[in-house]
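> One structure, as structure tokens, below. Some questions next.
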Amino acid sequence: MSRLLLLALLGSLTACTSLGPPPESPVPVEERDVPESAPPGVQSPGDRPVVGPPLPPDFDPDRPTQQTPSTPSPAASLLTQVDSAVAAGQLDRAAALAERALRIAPRDAQVWYALANVQFRQRRYPDAEGSAQRALSFARGNAQLERSINTLLTNIRGAQ
Amino acid sequence: MALRKRKSSNSRGKKSKARSNRRRWLPFLAALCLGGIAAGAAWFVWIDYQIRRDFDELQWALPARLYARPVELYAGAHLSAEDLVTYLQGLGYRETQQVAGPGEYQTRGAVVRLQTRGFEFWDGAEPSVFAEVGFSGSEVAYMNGRAGAEQLTLVRLEPVEIAQINPDTGEDRLPVALSDVPQDLIDAIIAVEDSRFYSHYGIDPIGIARAMVSNVKAGAIVQGGSTLTQQLIKNLYLNRERTLHRKIEEAGMALALDYRFDKDTILNAYINEVFLGQQGNRAIHGFALAAQHYFGRPLNELKLPELATLAGIARGASYYNPVRNPERATERRNVVLGRMRTLGYLTPEEFEGAREAPMVTSSKPLNRSGYPAFMELVYEDLRRDYDADALRTEGLRIFTTLDVIMQTKMEALLEKSVSGVERAREGKKLEAAVVITDVNSGEVRALAGSRQRGYTGFNRALKARRPIGSLVKPAVYLTALESQDFHLATVLADKPVSIRMQDGQIWRPENYEKTTEGDVYLYDALQRSLNLATVDLGMALGVDKSLNTLRRLGWRGEVAPYPSVLLGAIEMTPLEVTQIYQTLAANGFRSPLRAVEAVSTAQGTPLTWYGLRTEQAAEATPVFLLEHAMQGVFERGTAKSMNPRLSNHLPLAGKTGTTNDLRDSWFAGYGSDLVGVVWLGYDDNTPTGLTGATGALRVWTDVMESLDIQPRQPEEPPGIEWNQIPERAVADPADRNCRDTLALPFRADSMTDLDWSCTGVEGFFQSIFNRVRNKD
């Protein structure tokens, strides 16, 4: 849970500092689940080039701005919203947001973990357990996240 | 108005009484008058009551609307510029030179600029935003908002409406608040239908007289005398009777309506109620739906010429249909514009500009019954929670999982792809079913119940129950790999076998090619789909064990555990097969397939949400090992014929399936994003002449290549060790030949009995050397 809070904090900081210099490292979710050598053609959120090709000359250059590479990943921005929805007691909405994030980053352990957390709060224990196990299957090499997921699994099994 | 009328009747009665000088008629006349007054008053009270009751409770039966999954835009999204433009056109977006408002887009090569319309999703509102989207091939490379606006990381477009469930009346409408109706439309309606709307009392004698004069002058009916209020009454009570009694009743009701309700309420009801067209058995009511129907865009995006056209249609929806009779509709529009000009609603410039505008109607009317096979699945899902009446009348919004881009691509090639593999048969058509789901969530993305696009008959994806043949084998091999006694290099006997059945008959299975392969590795028996080796394995495990595995993977049927089950003598629909492969594709996590994500009210309040459910059905390690063999199906096994075509997409995992006498041709396969199952066969169950590889696999490849299926990324679970084993399987470890070896994954705890490992027999470099040499 503390990671989610941290995530929310970082998310809001990123939002607050969007006019200032880009933060050194993006929100944590972006960096997870990027395999050392992803097979060609496989996408991971967060490792995309965010600066596109030059605009054609007849495009009005003044209106849009090229964004800085500090843009938070879409999955991370959704996870920030998950936290807000949980805080507001909108658990269905929180779960739906987490599922939206999963569609964007289906192999992101952090997103599965967020979904499992919401499902646990919804008292959907079998689903929460399944999601937490899937989180675990993608969390290899991230000892801290593995610990958090295992704690959650213990809580889920205790509640059932 | 009702009260006023009552008072005036009263005073008239008094006057008649004053004028009367025939005293002896007085009691009789008085009685008659009082009786008449009482009857008139009673009648009016009744009319007034009716109007109040009906109008206060005015709630239209609204059809349920079904939406496809919305496209989400973000850097890295798997989407091409072409796909996005097709999607926007499906939503009725207009291409412009400069994006100035919602529902407009502009393209230049690999860059698309657009402004979304915003949408009330069940889980929250999506605002209207401007976005510039840059593409790199079939991927979004970047996305920018407007300068100075907040950063744009994720934009959810409006969903495409794919169908609706209409009320019994066939009436369809999109109720809209008066504040959301463009002023030009209000002006146009008032100008052409009822210019004294704001000053009359529901009926308009002056208007009637004026209309009569105009009509006589023109020698035709150019203006009607009935007010908007009267027209509303006519529409609401749906009585086309033209009797005097009816006219009087309508007039009374119009007076009552005008007395009881303010002008804006009446105008608003008129705008939502009026009949404006017919499409099959669906009646188009109200201007907001008419805007979508004729122009493919929401009301607030229409300009003066289009709004004037709509106002003109009210007079005769079929006669002035701008799609079918553009010239007549243009003429009528110009009459409306002329009235607006005369009444001072338009400047001469505005009038001229609009009058010259070409009539551009929607080139692509939204396809409302375009996905009948998928819709059938949606209805099955919905029926559990909603009764038919609620679906037809309450204006529910149903958010489905259909991906219109995928569905369109699949449909576009299916017919051609199936005829490409079909062996011509007199008077018969090879049929097909395709199911495509999301690996991760089990959401159904696309579905075909026939080779024919839009086919509304027998839905083979949901209803055709056929033997699955070798598609069952992964369940048998998974059962083996889950036990400690088997691994990928277990040597199986692919040799003739006779099994005595319970009824005393002898079962003698054969390999497809009637050959026997002798000693084979377990992984090889699966990738080459060897029947005899599979029977050898399955009988050692016990048939019921394999059936249990099938159930864990998501099958819900019942069958007696005959040995022939091991070779797929078990009937399933393509959808049921997909559920099983879905679980394998999700590394052993079973998620029920679903076609509906959520249901909300017409206002967007969520009612039901069908969230993602997932449960571990099989351990990660045996599923990982099984997948290694199933990737081999494309590398070296029964699907290797498609290997060159799929080279950009491999590794993929899959399995061919063929049934007795080639009656069914199956292929089930998956990448990291999609699961796809294809079935081919005849409805009368006669032989197709096709194996899984020569039929369904080719169609599967056509479909998946066009959907750009993504390679598998198997997550290696802890406790896997890779080992060199002799390339050739031998029953006795002492005979093993470690000159030619290959690497296979094993669970570490199964290594102890791996007598024929070559790891350690030769050095690591030797093994690399061997592999390099083998490639030459």
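FYI, nothing fancy with the structure tokens labels: chains A, B, ... in order, residues from 1 per chain, ligands from 1 as they appear.
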If you count only C-alpha atoms, which residues fall within 12 Å of Glu716 in chain B, apart from same-chain ones fewer than 4 positions away, as a ChimeraX atom specification?

/A:35,137-141 /B:587,620-625,627-628,712,720-722,745-747

> Pull N, CA and C atoms from the residues just selected and write them as a compact mmCIF listing (two decimals), in the first residue's frame.


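Wrote it out as result-v1.txt, contents follow:
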```
# COMPACT_ATOMS: atom_id res chain seq x y z
N PRO A 35 11.60 -5.98 -20.08
CA PRO A 35 12.58 -7.06 -20.07
C PRO A 35 13.91 -6.57 -20.61
N SER A 137 3.72 -13.32 -10.62
CA SER A 137 4.36 -13.98 -11.76
C SER A 137 5.11 -12.99 -12.64
N PHE A 138 4.77 -11.70 -12.53
CA PHE A 138 5.49 -10.70 -13.34
C PHE A 138 6.48 -9.90 -12.50
N ALA A 139 6.59 -10.21 -11.22
CA ALA A 139 7.37 -9.35 -10.32
C ALA A 139 8.78 -9.86 -10.08
N ARG A 140 9.20 -10.87 -10.83
CA ARG A 140 10.51 -11.45 -10.53
C ARG A 140 11.61 -10.41 -10.64
N GLY A 141 12.52 -10.45 -9.66
CA GLY A 141 13.64 -9.52 -9.68
C GLY A 141 13.33 -8.22 -8.95
N ASN B 587 -0.92 -18.14 -19.05
CA ASN B 587 0.03 -18.84 -18.17
C ASN B 587 -0.66 -19.60 -17.05
N ALA B 620 2.47 -22.34 -12.83
CA ALA B 620 3.23 -21.67 -13.89
C ALA B 620 4.24 -22.61 -14.56
N THR B 621 4.91 -23.46 -13.76
CA THR B 621 6.01 -24.25 -14.32
C THR B 621 5.53 -25.25 -15.38
N PRO B 622 4.55 -26.12 -15.08
CA PRO B 622 4.11 -27.04 -16.15
C PRO B 622 3.53 -26.31 -17.37
N VAL B 623 2.87 -25.15 -17.13
CA VAL B 623 2.33 -24.40 -18.28
C VAL B 623 3.47 -23.87 -19.14
N PHE B 624 4.54 -23.44 -18.47
CA PHE B 624 5.71 -22.95 -19.21
C PHE B 624 6.31 -24.07 -20.07
N LEU B 625 6.42 -25.26 -19.47
CA LEU B 625 6.99 -26.39 -20.21
C LEU B 625 6.09 -26.77 -21.39
N GLU B 627 4.10 -24.83 -22.96
CA GLU B 627 4.18 -23.82 -24.01
C GLU B 627 5.42 -24.02 -24.87
N HIS B 628 6.49 -24.48 -24.26
CA HIS B 628 7.69 -24.73 -25.06
C HIS B 628 7.37 -25.69 -26.20
N ARG B 712 4.94 -14.25 -28.34
CA ARG B 712 4.86 -14.64 -26.94
C ARG B 712 6.09 -14.13 -26.20
N ILE B 720 13.40 -23.41 -13.15
CA ILE B 720 13.55 -24.03 -14.47
C ILE B 720 15.04 -24.18 -14.77
N GLU B 721 15.42 -25.34 -15.26
CA GLU B 721 16.81 -25.53 -15.70
C GLU B 721 16.80 -26.01 -17.13
N TRP B 722 17.73 -25.49 -17.89
CA TRP B 722 17.82 -25.93 -19.29
C TRP B 722 18.88 -27.01 -19.38
N PRO B 745 13.83 -27.05 -21.57
CA PRO B 745 13.65 -26.64 -20.18
C PRO B 745 13.07 -27.79 -19.34
N PHE B 746 13.53 -27.85 -18.10
CA PHE B 746 13.04 -28.88 -17.16
C PHE B 746 12.77 -28.22 -15.83
N ARG B 747 11.87 -28.80 -15.06
CA ARG B 747 11.76 -28.34 -13.68
C ARG B 747 12.91 -28.95 -12.91
```

> Report the residues of range 464-712 of chain B whose backbone DSSP state falls under strand (DSSP E), written as a PyMOL selection string.

chain B and resi 466-467+491-494+499-500+506-507+518-521+571-572+589-590+596-600+606-609+615-616+653-658+664-670+674-681

> Could you pull out the helix (DSSP H, G or I) residues of range 151-297 of chain B, going by DSSP on the backbone, and write them as number ranges by chain?

B: 178-180, 183-193, 205-218, 228-237, 244-260, 263-273, 287-295

> Taking a cut-off of 6 Å and counting only C-alpha atoms, can you build a table that, for each residue of chain B near chain A, reports the nearest atom pair and how far apart they are in Å (one decimal), sorted by chain then residue number, as a tab-separated table?


```
residue	atom	partner	partner_atom	distance
B:Gly76	CA	A:Arg48	CA	5.8
B:Asp123	CA	A:Arg93	CA	5.6
B:Ala141	CA	A:Gly52	CA	5.8
B:Tyr142	CA	A:Val50	CA	5.0
B:Gly145	CA	A:Pro64	CA	5.9
B:Arg146	CA	A:Pro64	CA	4.4
B:Ala147	CA	A:Pro64	CA	4.4
B:Thr153	CA	A:Pro74	CA	5.4
B:Leu154	CA	A:Pro74	CA	5.6
B:Arg613	CA	A:Asp127	CA	5.3
B:Thr614	CA	A:Gly130	CA	5.1
B:Glu615	CA	A:Gly130	CA	4.4
B:Gln616	CA	A:Gly130	CA	5.9
```

> Keeping only N, CA and C atoms, write the selected residues to a file as a CSV table (one decimal), in the first residue's frame.


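Result went into again.csv, see below:
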```csv
chain,number,residue,atom,x,y,z
B,76,GLY,N,2.8,4.6,-27.8
B,76,GLY,CA,3.1,3.2,-27.7
B,76,GLY,C,1.9,2.4,-28.0
B,123,ASP,N,-17.8,4.7,-16.1
B,123,ASP,CA,-16.9,4.9,-15.0
B,123,ASP,C,-16.3,6.3,-15.0
B,141,ALA,N,3.5,7.0,-32.0
B,141,ALA,CA,4.9,7.4,-31.6
B,141,ALA,C,4.8,8.5,-30.5
B,142,TYR,N,3.9,9.4,-30.7
B,142,TYR,CA,3.8,10.4,-29.7
B,142,TYR,C,2.4,11.0,-29.7
B,145,GLY,N,-0.9,17.6,-26.7
B,145,GLY,CA,-2.2,18.4,-26.6
B,145,GLY,C,-1.9,19.8,-27.2
B,146,ARG,N,-2.8,20.7,-26.8
B,146,ARG,CA,-2.7,22.1,-27.3
B,146,ARG,C,-1.6,22.7,-26.5
B,147,ALA,N,-0.9,23.7,-27.1
B,147,ALA,CA,0.1,24.5,-26.3
B,147,ALA,C,-0.5,25.1,-25.1
B,153,THR,N,-1.4,12.4,-21.7
B,153,THR,CA,-0.8,11.0,-21.7
B,153,THR,C,-1.8,10.0,-22.3
B,154,LEU,N,-3.0,10.2,-22.1
B,154,LEU,CA,-4.0,9.2,-22.4
B,154,LEU,C,-5.3,9.8,-22.8
B,613,ARG,N,-12.1,-11.2,-13.7
B,613,ARG,CA,-11.9,-12.3,-12.7
B,613,ARG,C,-10.8,-13.2,-13.2
B,614,THR,N,-10.0,-13.6,-12.3
B,614,THR,CA,-8.9,-14.5,-12.7
B,614,THR,C,-8.6,-15.4,-11.5
B,615,GLU,N,-8.3,-16.6,-11.9
B,615,GLU,CA,-8.0,-17.7,-10.9
B,615,GLU,C,-6.9,-18.6,-11.4
B,616,GLN,N,-6.0,-19.0,-10.6
B,616,GLN,CA,-4.9,-19.8,-11.1
B,616,GLN,C,-5.5,-21.2,-11.2
```

> Interatomic distance between CA of Arg108 in chain B and CA of Thr86 in chain B?

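Between these atoms lies a distance of 14.7 Å.
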
> Calculate how many Å separate CA of Ile499 in chain B from CA of Glu482 in chain B, rounding to one decimal.

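Taking CA of Ile499 in chain B as the start and CA of Glu482 in chain B as the end point, the length is 25.1 Å.
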